[in-house]
$ cat structure_1.cif   # mmCIF, C-alpha atoms
data_start
#
loop_
_atom_site.label_atom_id
_atom_site.label_comp_id
_atom_site.auth_asym_id
_atom_site.auth_seq_id
_atom_site.Cartn_x
_atom_site.Cartn_y
_atom_site.Cartn_z
CA MET A 1 17.93 176.44 179.31
CA ILE A 2 20.71 178.95 179.08
CA ASN A 3 21.63 178.11 182.66
CA GLY A 4 21.38 174.91 184.60
CA ASN A 5 24.02 172.43 183.55
CA THR A 6 25.72 174.81 181.14
CA LYS A 7 25.70 178.13 182.90
CA ARG A 8 26.67 181.05 180.69
CA LEU A 9 25.89 184.68 180.07
CA LEU A 10 22.91 185.80 178.02
CA THR A 11 23.82 186.57 174.40
CA GLU A 12 22.22 188.86 171.86
CA ALA A 13 20.75 185.81 170.10
CA ASP A 14 19.28 184.51 173.38
CA PHE A 15 17.68 187.87 174.02
CA LYS A 16 16.23 188.00 170.50
CA ASP A 17 14.62 184.58 171.13
CA ILE A 18 13.16 185.88 174.39
CA LEU A 19 11.85 189.00 172.67
CA GLU A 20 10.25 186.93 169.90
CA PHE A 21 8.53 184.77 172.50
CA ALA A 22 7.31 187.90 174.30
CA LEU A 23 6.01 189.43 171.08
CA ASP A 24 4.73 186.07 169.82
CA ASP A 25 6.19 187.12 166.48
CA GLU A 26 9.42 187.21 164.51
CA VAL A 27 11.56 190.31 165.06
CA LEU A 28 12.97 191.50 161.76
CA ASN A 29 14.30 194.88 162.89
CA PHE A 30 16.24 193.74 165.98
CA ASP A 31 18.69 196.36 167.16
CA LEU A 32 20.52 196.30 170.47
CA ASN A 33 19.82 199.97 171.02
CA SER A 34 16.16 200.09 170.02
CA ASN A 35 13.48 200.87 172.59
CA ILE A 36 11.71 197.57 173.34
CA TYR A 37 8.35 199.32 173.63
CA ASP A 38 8.36 202.08 171.02
CA ALA A 39 10.59 200.56 168.35
CA LEU A 40 10.20 196.82 168.92
CA GLY A 41 6.51 196.85 169.79
CA LEU A 42 6.40 195.34 173.27
CA ASP A 43 3.21 195.96 175.26
CA SER A 44 2.33 195.21 178.89
CA ILE A 45 1.27 191.61 178.15
CA GLY A 46 4.53 191.13 176.25
CA ALA A 47 6.50 192.64 179.13
CA VAL A 48 5.08 190.00 181.47
CA ALA A 49 5.93 187.30 178.92
CA MET A 50 9.45 188.69 178.73
CA VAL A 51 10.15 188.61 182.48
CA VAL A 52 8.68 185.09 182.69
CA GLU A 53 10.83 183.89 179.78
CA ILE A 54 13.94 185.52 181.25
CA GLU A 55 13.25 183.77 184.57
CA LYS A 56 12.67 180.45 182.78
CA LYS A 57 15.90 180.69 180.80
CA THR A 58 18.22 182.29 183.35
CA GLY A 59 16.62 181.90 186.76
CA ILE A 60 16.84 185.69 187.17
CA ARG A 61 13.59 187.11 188.51
CA LEU A 62 13.27 190.61 187.08
CA LYS A 63 10.58 193.03 188.20
CA ILE A 64 8.43 194.60 185.50
CA GLU A 65 9.65 197.99 186.75
CA GLU A 66 13.19 197.00 185.76
CA LEU A 67 12.00 196.83 182.16
CA GLU A 68 10.78 200.41 182.47
CA GLN A 69 14.25 201.49 183.60
CA ASN A 70 16.18 199.42 181.03
CA LEU A 71 14.50 200.11 177.76
CA THR A 72 16.87 198.61 175.18
CA PRO A 73 18.06 195.05 174.57
CA ALA A 74 21.63 196.20 175.31
CA GLN A 75 20.63 197.61 178.71
CA LEU A 76 18.61 194.53 179.59
CA ILE A 77 21.33 192.07 178.57
CA ARG A 78 23.77 194.07 180.71
CA LEU A 79 21.34 194.04 183.65
CA ILE A 80 20.64 190.30 183.43
CA ASN A 81 24.28 189.37 182.97
CA GLY A 82 25.15 191.57 185.93
CA TYR A 83 22.74 189.52 188.06
CA LEU A 84 24.10 186.27 186.60
CA ILE A 85 27.69 187.21 187.40
CA ASN A 86 26.70 187.98 190.98
CA THR A 87 24.45 185.00 191.60
CA VAL A 88 25.69 181.92 189.74
CA ASP A 89 28.87 180.05 189.08
CA LEU A 90 29.43 180.88 185.41
CA LYS A 91 31.15 178.71 182.85
CA GLN A 92 31.68 180.74 179.71
CA MET B 1 7.50 168.58 193.33
CA ILE B 2 8.26 166.89 196.68
CA GLY B 3 7.98 163.13 197.18
CA GLY B 4 6.76 162.66 193.62
CA ARG B 5 3.67 164.72 194.39
CA LYS B 6 2.61 167.89 192.69
CA SER B 7 1.38 170.81 194.74
CA ALA B 8 -2.23 171.98 195.01
CA LEU B 9 -3.60 175.05 196.75
CA ILE B 10 -7.17 175.04 197.97
CA ILE B 11 -8.60 178.37 199.03
CA GLY B 12 -11.80 178.00 201.01
CA ALA B 13 -11.02 174.55 202.37
CA SER B 14 -13.49 174.78 205.24
CA GLY B 15 -16.51 175.10 202.96
CA ASP B 16 -18.26 171.89 201.93
CA ILE B 17 -16.85 171.70 198.39
CA GLY B 18 -13.39 172.90 199.43
CA PHE B 19 -13.24 170.47 202.33
CA ALA B 20 -14.32 167.48 200.26
CA THR B 21 -11.82 168.48 197.57
CA SER B 22 -9.07 168.75 200.19
CA GLN B 23 -9.84 165.31 201.58
CA HIS B 24 -9.98 163.87 198.09
CA LEU B 25 -6.67 165.37 196.94
CA ASN B 26 -4.86 164.72 200.22
CA GLU B 27 -3.39 161.39 199.10
CA LYS B 28 -2.26 162.60 195.72
CA PHE B 29 -0.93 166.15 196.17
CA ASN B 30 1.14 168.24 198.51
CA LEU B 31 -1.59 170.49 199.83
CA THR B 32 -1.76 174.06 201.03
CA LEU B 33 -5.16 174.74 202.53
CA GLN B 34 -6.65 178.10 203.41
CA TYR B 35 -9.54 177.93 205.83
CA ASN B 36 -11.49 180.13 208.20
CA SER B 37 -13.32 177.76 210.54
CA SER B 38 -12.12 174.18 210.99
CA LEU B 39 -10.82 171.23 209.01
CA PRO B 40 -11.77 168.09 210.96
CA GLY B 41 -9.59 165.12 210.07
CA LEU B 42 -7.02 167.17 208.20
CA SER B 43 -3.81 168.07 209.99
CA GLU B 44 -0.51 169.74 209.28
CA SER B 45 2.12 167.32 207.94
CA PRO B 46 5.19 167.40 205.67
CA ASN B 47 2.71 167.12 202.78
CA CYS B 48 0.12 169.55 204.07
CA ILE B 49 0.17 173.19 205.14
CA LEU B 50 -2.94 174.53 206.90
CA ARG B 51 -3.33 178.29 207.24
CA LYS B 52 -6.10 180.49 208.49
CA ALA B 53 -6.23 183.56 206.26
CA ASP B 54 -8.67 186.25 205.20
CA VAL B 55 -9.25 185.92 201.45
CA THR B 56 -10.51 189.49 201.25
CA LYS B 57 -7.04 190.76 202.16
CA ALA B 58 -4.63 190.54 199.25
CA ILE B 59 -1.56 190.49 201.49
CA GLU B 60 -2.80 187.46 203.45
CA VAL B 61 -3.48 185.54 200.24
CA GLU B 62 -0.06 186.53 198.84
CA ASN B 63 1.72 185.43 202.02
CA LEU B 64 -0.06 182.08 202.02
CA ILE B 65 0.86 181.40 198.38
CA GLU B 66 4.42 182.61 198.85
CA GLU B 67 4.81 180.15 201.75
CA SER B 68 3.39 177.35 199.62
CA VAL B 69 5.73 178.11 196.70
CA GLN B 70 8.73 178.27 199.06
CA HIS B 71 7.79 174.94 200.64
CA PHE B 72 6.40 172.86 197.77
CA GLY B 73 7.53 174.75 194.64
CA ALA B 74 5.25 176.10 191.94
CA PRO B 75 1.69 174.82 192.41
CA TYR B 76 0.19 172.61 189.73
CA ALA B 77 -3.34 173.39 190.88
CA LEU B 78 -5.27 176.22 192.45
CA VAL B 79 -8.85 175.54 193.52
CA TYR B 80 -10.73 178.63 194.67
CA SER B 81 -13.85 177.62 196.54
CA ALA B 82 -14.14 180.41 199.12
CA GLY B 83 -17.63 181.79 198.98
CA ILE B 84 -20.42 183.34 201.00
CA VAL B 85 -24.02 184.15 200.23
CA ILE B 86 -26.05 187.03 201.62
CA ASP B 87 -29.57 186.89 200.20
CA LYS B 88 -31.51 190.14 200.35
CA PRO B 89 -33.76 192.08 198.00
CA ILE B 90 -31.71 194.66 196.10
CA ALA B 91 -33.57 197.57 197.72
CA PHE B 92 -32.46 196.35 201.16
CA LEU B 93 -29.03 194.99 200.34
CA GLU B 94 -26.52 197.03 202.33
CA THR B 95 -23.45 198.14 200.40
CA GLU B 96 -21.36 196.48 203.12
CA SER B 97 -23.06 193.15 202.35
CA TRP B 98 -22.52 193.65 198.62
CA ASP B 99 -18.83 194.41 199.24
CA LYS B 100 -18.42 191.41 201.53
CA VAL B 101 -19.85 188.99 198.95
CA ILE B 102 -17.89 190.47 196.03
CA ASN B 103 -14.66 190.63 198.03
CA THR B 104 -14.92 187.04 199.27
CA ASN B 105 -16.26 185.36 196.16
CA LEU B 106 -14.54 187.34 193.42
CA SER B 107 -11.73 189.64 194.62
CA GLY B 108 -10.18 186.81 196.66
CA ALA B 109 -10.02 184.68 193.52
CA PHE B 110 -8.24 187.49 191.70
CA TYR B 111 -5.73 187.88 194.57
CA ALA B 112 -5.02 184.13 194.52
CA ILE B 113 -4.67 183.89 190.73
CA LYS B 114 -2.45 186.96 190.63
CA ALA B 115 -0.21 185.58 193.37
CA VAL B 116 0.09 182.11 191.85
CA SER B 117 0.36 183.03 188.17
CA ARG B 118 4.06 183.88 187.88
CA ALA B 119 5.21 180.60 189.46
CA MET B 120 2.84 178.65 187.19
CA MET B 121 3.95 180.62 184.11
CA VAL B 122 7.62 179.97 184.78
CA LYS B 123 6.89 176.30 185.40
CA GLY B 124 4.91 176.13 182.17
CA GLU B 125 1.86 174.35 183.58
CA GLY B 126 -1.04 174.95 185.91
CA ARG B 127 -4.69 174.19 186.50
CA ILE B 128 -6.96 176.78 188.02
CA ILE B 129 -10.47 175.80 189.06
CA LEU B 130 -12.91 178.38 190.35
CA ILE B 131 -16.05 177.18 192.08
CA GLY B 132 -18.87 179.20 190.58
CA SER B 133 -22.61 178.71 190.65
CA ILE B 134 -25.61 178.26 188.45
CA ALA B 135 -26.64 181.64 189.91
CA ALA B 136 -24.36 183.14 187.25
CA HIS B 137 -26.68 181.75 184.58
CA ARG B 138 -30.12 181.86 186.15
CA ALA B 139 -31.54 184.65 188.30
CA ASN B 140 -32.73 183.95 191.84
CA LEU B 141 -34.68 186.38 193.99
CA GLY B 142 -32.46 188.12 196.50
CA GLN B 143 -29.18 186.88 195.04
CA ALA B 144 -27.94 189.97 193.20
CA ALA B 145 -24.57 190.11 194.96
CA TYR B 146 -23.99 186.36 194.84
CA ALA B 147 -24.98 186.11 191.16
CA ALA B 148 -22.82 189.09 190.23
CA SER B 149 -19.83 187.62 192.07
CA LYS B 150 -20.21 184.22 190.40
CA SER B 151 -20.72 185.79 186.95
CA GLY B 152 -17.58 187.80 187.63
CA LEU B 153 -15.71 184.56 188.33
CA GLU B 154 -16.69 183.25 184.90
CA ALA B 155 -15.49 186.44 183.17
CA LEU B 156 -12.30 186.31 185.22
CA SER B 157 -11.80 182.68 184.24
CA ARG B 158 -12.11 183.47 180.53
CA SER B 159 -9.58 186.31 180.84
CA VAL B 160 -7.14 184.11 182.76
CA ALA B 161 -7.56 181.29 180.23
CA PHE B 162 -6.99 183.69 177.36
CA GLU B 163 -3.97 185.41 178.86
CA LEU B 164 -2.20 182.43 180.42
CA GLY B 165 -3.01 179.66 177.96
CA ARG B 166 0.32 179.99 176.17
CA TYR B 167 2.07 179.12 179.46
CA GLY B 168 0.31 175.78 179.74
CA ILE B 169 -2.21 177.10 182.26
CA SER B 170 -5.89 176.20 182.09
CA CYS B 171 -8.61 178.01 184.01
CA ASN B 172 -12.19 176.79 184.32
CA VAL B 173 -15.25 177.31 186.47
CA ILE B 174 -17.31 174.51 187.96
CA ALA B 175 -20.84 175.85 188.34
CA PRO B 176 -23.00 173.68 190.58
CA GLY B 177 -26.74 174.04 190.88
CA PRO B 178 -28.45 173.69 194.29
CA VAL B 179 -26.22 171.41 196.33
CA GLU B 180 -26.88 169.74 199.68
CA SER B 181 -24.31 171.78 201.62
CA LYS B 182 -23.80 174.07 204.62
CA MET B 183 -24.54 177.06 202.40
CA PHE B 184 -27.86 175.62 201.23
CA ARG B 185 -28.86 174.09 204.58
CA ASN B 186 -30.43 177.30 205.90
CA THR B 187 -32.62 177.66 202.85
CA LYS B 188 -36.37 177.49 203.46
CA GLU B 189 -37.96 174.09 202.85
CA LYS B 190 -40.31 175.61 200.27
CA VAL B 191 -37.32 176.82 198.22
CA VAL B 192 -35.53 173.47 198.51
CA ASN B 193 -38.64 171.64 197.34
CA ALA B 194 -39.04 174.04 194.41
CA ALA B 195 -35.39 173.48 193.42
CA ILE B 196 -35.98 169.72 193.42
CA LYS B 197 -39.22 170.12 191.47
CA PHE B 198 -37.49 172.10 188.71
CA THR B 199 -34.50 169.76 188.52
CA PRO B 200 -35.05 167.02 185.91
CA LYS B 201 -32.97 164.61 188.03
CA LYS B 202 -35.43 165.24 190.92
CA ARG B 203 -32.87 165.76 193.66
CA LEU B 204 -30.37 168.29 195.00
CA GLY B 205 -26.78 167.91 193.94
CA PHE B 206 -24.32 166.24 196.25
CA ILE B 207 -20.72 167.23 196.88
CA SER B 208 -19.85 163.83 195.41
CA ASP B 209 -21.28 165.07 192.08
CA ILE B 210 -18.68 167.86 192.03
CA ILE B 211 -15.48 165.98 192.92
CA PRO B 212 -15.26 163.92 189.68
CA MET B 213 -15.21 167.19 187.70
CA VAL B 214 -12.35 168.49 189.87
CA ASP B 215 -10.48 165.26 189.13
CA TYR B 216 -11.24 165.55 185.44
CA LEU B 217 -9.96 169.12 185.20
CA LEU B 218 -6.81 168.29 187.16
CA ASP B 219 -6.02 165.27 185.00
CA GLU B 220 -2.82 165.96 183.07
CA ASN B 221 -4.35 164.34 180.01
CA ASN B 222 -7.09 166.97 179.89
CA ASP B 223 -5.09 169.92 178.70
CA PHE B 224 -7.42 171.42 176.13
CA ILE B 225 -10.41 172.54 178.18
CA THR B 226 -9.99 176.13 179.28
CA GLY B 227 -12.07 179.23 179.89
CA GLN B 228 -15.23 177.15 180.27
CA SER B 229 -18.00 177.05 182.80
CA LEU B 230 -18.95 173.45 183.52
CA VAL B 231 -22.45 173.28 184.91
CA ILE B 232 -23.34 170.43 187.29
CA ASP B 233 -26.98 170.86 188.18
CA GLY B 234 -28.99 167.79 187.23
CA GLY B 235 -30.60 169.84 184.46
CA PHE B 236 -31.86 172.65 186.76
CA SER B 237 -30.76 175.34 184.30
CA LEU B 238 -32.34 173.78 181.21
#
$ encode --input "structure_1.cif" --output "structure tokens"
Amino acid sequence: MINGNTKRLLTEADFKDILEFALDDEVLNFDLNSNIYDALGLDSIGAVAMVVEIEKKTGIRLKIEELEQNLTPAQLIRLINGYLINTVDLKQ
Amino acid sequence: MIGGRKSALIIGASGDIGFATSQHLNEKFNLTLQYNSSLPGLSESPNCILRKADVTKAIEVENLIEESVQHFGAPYALVYSAGIVIDKPIAFLETESWDKVINTNLSGAFYAIKAVSRAMMVKGEGRIILIGSIAAHRANLGQAAYAASKSGLEALSRSVAFELGRYGISCNVIAPGPVESKMFRNTKEKVVNAAIKFTPKKRLGFISDIIPMVDYLLDENNDFITGQSLVIDGGFSL
């Protein structure tokens, strides 16, 4: 777990792991500013897997609609870390 | 998990199979029971939530499951045994009756699975059991709506198993043949006798024939059976 005993912000590497779980595949062309749907190949089943994996790893319960409004890894990491900063006692 | 017990949700706990399952699991699980008539011998306790709810209304099912998750945490098990039967020849089957059977037997299961799935997915485990019927496999006169609803449950189960398997969730259907139950009690004697005649085991099923399969599917050691329809009918469908 990213959070739990060692609470910390979500990193680019953490997000790549989450994306790979959601896609059930290795991501070779990971780019922080790529569109997760069009460029990285996420579909609706993958989107569900992504929000579940984010909740598992961070405790943050995103809505699927938030993925529609934050379409790149950079935007999503910013969104999740924003929630983390506001909701948990962080130890960086 | 509270008090070392996992949580189980039983939808349709006032039917014969749901009630027997509730009684059976009462000692082992924290229970949330949905019912619509009565649950003699079962009462609200720190380990048991009883709620009257209409399974044909998605919001009522969602509220019930939300309360259960808040109270007991993510459920380990969901047993959907809510079901009605309205037997009529197709030519005389009112669309309202069709809707009522499909909504109770099939749509309610979808509402429950949808509401419970995220908590189970995040937890990384879950067992979903849908109570189907042999009517999904073998036609009976006047049972178009019932058979369609139970066949739908089997298709739903396969989809759920396929989509949620990677999260440690299994989904199976238990499909009983004719069972000595409230639902079957109003059946004409001629039909009951015919069912017995065509059953190699020469009797109706009992609720006690069903419970061991519920136990088996809930057993943590049985993790690899999913998307299946497990027929318990004494050979009626052979």
$ interface_residues --input "structure_1.cif" --of "chain A" --to "chain B" --cutoff "7 Å" --atoms "all atoms listed in the file" --output "short mmCIF file (atom, residue, chain, number, x, y, z; two decimals) with C-alpha atoms, in the coordinates of the input"
data_model
loop_
_atom_site.label_atom_id
_atom_site.label_comp_id
_atom_site.auth_asym_id
_atom_site.auth_seq_id
_atom_site.Cartn_x
_atom_site.Cartn_y
_atom_site.Cartn_z
CA VAL A 52 8.68 185.09 182.69
CA GLU A 55 13.25 183.77 184.57
CA LYS A 56 12.67 180.45 182.78
#
$ resolve_selection --input "structure_1.cif" --expression "the PyMOL selection byres ((chain A and resi 31) around 9)" --output "ChimeraX atom specification"
/A:29-30,32-35,40,72-74
$ resolve_selection --input "structure_1.cif" --expression "the PyMOL selection byres ((chain B and resi 184-187) around 12)" --output "ChimeraX atom specification"
/B:15-16,84-87,176-183,188-195,204-207
$ atom_distance --input "structure_1.cif" --atom1 "CA of Ile36 (chain A)" --atom2 "CA of Leu71 (chain A)"
5.8 Å
$ resolve_selection --input "structure_1.cif" --expression "the PyMOL selection byres ((chain B and resi 133) around 9)" --output "MDAnalysis selection string"
chainID B and resid 131:132 134:137 146:147 150:151 173:178 231:232
$ closest_residue --input "structure_1.cif" --among "A:Leu42, A:Leu67, A:Ala47, A:Ile54" --to "Phe15 (chain A)" --atoms "all atoms listed in the file"
A:Ile54
$ decode --input "structure_1.cif" --residues "region 76-99 of chain B" --atoms "N, CA, C and O atoms" --output "short mmCIF file (atom, residue, chain, number, x, y, z; two decimals), in the first residue's frame"
data_model
loop_
_atom_site.label_atom_id
_atom_site.label_comp_id
_atom_site.auth_asym_id
_atom_site.auth_seq_id
_atom_site.Cartn_x
_atom_site.Cartn_y
_atom_site.Cartn_z
N TYR B 76 -18.13 -10.30 2.31
CA TYR B 76 -17.45 -11.44 1.69
C TYR B 76 -18.42 -12.15 0.75
O TYR B 76 -18.03 -12.63 -0.31
N ALA B 77 -19.69 -12.20 1.17
CA ALA B 77 -20.65 -12.99 0.40
C ALA B 77 -21.93 -12.21 0.11
O ALA B 77 -22.40 -11.44 0.94
N LEU B 78 -22.44 -12.44 -1.08
CA LEU B 78 -23.78 -11.97 -1.43
C LEU B 78 -24.56 -13.18 -1.93
O LEU B 78 -24.11 -13.85 -2.86
N VAL B 79 -25.68 -13.46 -1.29
CA VAL B 79 -26.56 -14.53 -1.77
C VAL B 79 -27.86 -13.87 -2.23
O VAL B 79 -28.53 -13.20 -1.43
N TYR B 80 -28.18 -14.02 -3.50
CA TYR B 80 -29.42 -13.43 -4.01
C TYR B 80 -30.44 -14.54 -4.21
O TYR B 80 -30.33 -15.34 -5.14
N SER B 81 -31.43 -14.58 -3.33
CA SER B 81 -32.43 -15.65 -3.45
C SER B 81 -33.84 -15.09 -3.56
O SER B 81 -34.81 -15.84 -3.42
N ALA B 82 -33.96 -13.79 -3.82
CA ALA B 82 -35.30 -13.21 -4.00
C ALA B 82 -35.89 -13.75 -5.30
O ALA B 82 -35.21 -13.76 -6.33
N GLY B 83 -37.10 -14.21 -5.22
CA GLY B 83 -37.70 -14.74 -6.45
C GLY B 83 -39.19 -14.94 -6.31
O GLY B 83 -39.69 -15.23 -5.23
N ILE B 84 -39.90 -14.71 -7.42
CA ILE B 84 -41.33 -15.01 -7.47
C ILE B 84 -41.60 -15.80 -8.73
O ILE B 84 -40.80 -15.80 -9.66
N VAL B 85 -42.75 -16.46 -8.72
CA VAL B 85 -43.16 -17.18 -9.93
C VAL B 85 -44.60 -16.81 -10.25
O VAL B 85 -45.44 -16.74 -9.35
N ILE B 86 -44.85 -16.46 -11.49
CA ILE B 86 -46.23 -16.24 -11.95
C ILE B 86 -46.40 -17.12 -13.19
O ILE B 86 -45.85 -16.82 -14.25
N ASP B 87 -47.10 -18.22 -13.01
CA ASP B 87 -47.27 -19.19 -14.10
C ASP B 87 -48.52 -18.86 -14.91
O ASP B 87 -49.64 -18.88 -14.37
N LYS B 88 -48.33 -18.57 -16.18
CA LYS B 88 -49.47 -18.34 -17.07
C LYS B 88 -49.04 -18.65 -18.49
O LYS B 88 -47.88 -18.44 -18.85
N PRO B 89 -49.97 -19.14 -19.31
CA PRO B 89 -49.62 -19.33 -20.73
C PRO B 89 -49.19 -18.00 -21.34
O PRO B 89 -49.73 -16.95 -20.97
N ILE B 90 -48.25 -18.05 -22.25
CA ILE B 90 -47.68 -16.82 -22.83
C ILE B 90 -48.78 -15.91 -23.38
O ILE B 90 -48.75 -14.69 -23.17
N ALA B 91 -49.77 -16.49 -24.03
CA ALA B 91 -50.83 -15.68 -24.65
C ALA B 91 -51.61 -14.88 -23.61
O ALA B 91 -52.25 -13.87 -23.94
N PHE B 92 -51.59 -15.33 -22.36
CA PHE B 92 -52.38 -14.65 -21.32
C PHE B 92 -51.51 -13.99 -20.24
O PHE B 92 -52.01 -13.49 -19.25
N LEU B 93 -50.22 -14.02 -20.47
CA LEU B 93 -49.31 -13.45 -19.47
C LEU B 93 -49.28 -11.92 -19.62
O LEU B 93 -48.84 -11.40 -20.64
N GLU B 94 -49.79 -11.22 -18.63
CA GLU B 94 -49.84 -9.76 -18.71
C GLU B 94 -48.41 -9.21 -18.69
O GLU B 94 -47.55 -9.76 -18.00
N THR B 95 -48.19 -8.12 -19.39
CA THR B 95 -46.85 -7.53 -19.40
C THR B 95 -46.46 -7.11 -17.98
O THR B 95 -45.28 -7.15 -17.63
N GLU B 96 -47.45 -6.74 -17.17
CA GLU B 96 -47.15 -6.35 -15.78
C GLU B 96 -46.59 -7.54 -15.01
O GLU B 96 -45.68 -7.39 -14.19
N SER B 97 -47.15 -8.72 -15.28
CA SER B 97 -46.67 -9.94 -14.59
C SER B 97 -45.26 -10.28 -15.07
O SER B 97 -44.39 -10.64 -14.27
N TRP B 98 -45.06 -10.17 -16.37
CA TRP B 98 -43.71 -10.40 -16.93
C TRP B 98 -42.71 -9.46 -16.23
O TRP B 98 -41.65 -9.89 -15.76
N ASP B 99 -43.05 -8.17 -16.20
CA ASP B 99 -42.14 -7.18 -15.60
C ASP B 99 -41.86 -7.50 -14.14
O ASP B 99 -40.73 -7.38 -13.67
#
